[in-house]
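To start, the structure under review is shown below, and the notes come after it.
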Amino acid sequence: MATSRALAYLESRKNLTGSAAGVLGLVLTFTGVAGPYWPVVVAGLYGAGALIAPPERPPLPEFPTPSAQLGEVREDFGKLDGYLTEVDLPPTATDRLTELTDLLTALLDPGWATELLVQDPEGVHTLSRIVRQDLPEAVDSFVRTRWWTRLTPGQEPPERHLERQLSVLKEEAEHLAATLRDTEARRQETHTRYLEERGG
């Protein structure tokens, strides 16, 4: 611990600035300006240099880039897809789930959508929330509730809630896809205007 602190100080701005000032003190000594008090001059200049040096800045924490985050969401979606294939769902819910997973697959597939998502942290967050939280919770909640409904028949079928939840999640994913599509269209229009103005 002490050794690492000593090494950190050797590389610090205070030590480097103080050392540069101390070298100036040695130059003054060799030119005869410092005289017999040269140790005091060198030490004083080192201390002054260390005092005026800018303070050390702690390193910024490293966070995953949006591209790395998308890669992690893609991996988690692969795990979720494996889980979803093992769950027994009613036909209507299965159809809606297939539509949703097809849309998520297209959004997470490396390509133009990924390039746009990297520039849209909110979009990455939306996909992450659907894949890691909302969709697994909807399906798992249905599976657990269906078991209880068998014990107490006559209640509202849990598949209705699941179908509504899947519809809401699909709308959210479609909204994200539409936003990305609009972004791409605006970029194309901007480039067209740029080329026309440059040509004119």
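The chains in the structure tokens are called A, B, ... from first to last as shown; in each chain the residues are counted from 1, and the ligands are counted from 1 in the order shown.
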
Picked from segment 103-189 of chain A by DSSP as alpha helix (DSSP H), as JSON, numbers by chain
{"A": [103, 104, 105, 106, 107, 108, 112, 113, 114, 115, 116, 117, 118, 121, 122, 123, 124, 125, 126, 127, 128, 129, 135, 136, 137, 138, 139, 140, 141, 142, 143, 144, 145, 146, 147, 148, 149, 150, 151, 158, 159, 160, 161, 162, 163, 164, 165, 166, 167, 168, 169, 170, 171, 172, 173, 174, 175, 176, 177, 178, 179, 180, 181, 182, 183, 184, 185, 186, 187, 188, 189]}

Tell me which protein, DNA and RNA residues are within 12 Å of segment 168-175 of chain A, counting only C-alpha atoms, leaving out same-chain ones fewer than 4 positions away, and put them as number ranges by chain.
A: 95-108, 123-131, 133-139, 161-164, 179-182

So that I can see what lies close to Pro121 of chain A, please list as a VMD selection string the residues with an atom at most 12 Å from it, counting only C-alpha atoms and leaving out residues fewer than 4 positions away in the same chain.
chain A and resid 64 to 70 114 to 117 125 to 128 176

Determine, counting only C-alpha atoms, which protein, DNA and RNA residues have an atom within 12 Å of an atom of Ala21 of chain A; residues of the same chain fewer than 6 positions away are not included. Present the result as a PyMOL selection string.
chain A and resi 14-15+27-28+41-53

Okay, now the selection with C-alpha atoms, as a compact mmCIF listing (two decimals), in the first residue's frame?
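The file below, out.txt, is the result:
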# COMPACT_ATOMS: atom_id res chain seq x y z
CA LYS A 14 3.33 17.82 -7.85
CA ASN A 15 6.52 15.73 -7.92
CA VAL A 27 21.22 25.25 -12.77
CA LEU A 28 21.35 28.33 -10.55
CA VAL A 41 17.53 27.07 -2.97
CA VAL A 42 17.03 23.66 -4.59
CA ALA A 43 14.73 22.44 -1.80
CA GLY A 44 12.82 25.71 -1.77
CA LEU A 45 12.29 25.66 -5.52
CA TYR A 46 11.20 22.02 -5.36
CA GLY A 47 8.70 22.85 -2.61
CA ALA A 48 7.40 25.90 -4.46
CA GLY A 49 6.99 23.88 -7.64
CA ALA A 50 5.13 21.13 -5.78
CA LEU A 51 2.83 23.73 -4.21
CA ILE A 52 1.91 25.52 -7.44
CA ALA A 53 1.35 22.30 -9.41

Write out as a ChimeraX atom specification the residues lying within 12 Å of Glu159 of chain A, counting only C-alpha atoms and excluding same-chain residues fewer than 6 positions away.
/A:88-94,96-97,138-147,149,165-166

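If you look at atom CA of Thr183 of chain A and atom CA of Arg132 of chain A, they are 25.4 Å away from each other.
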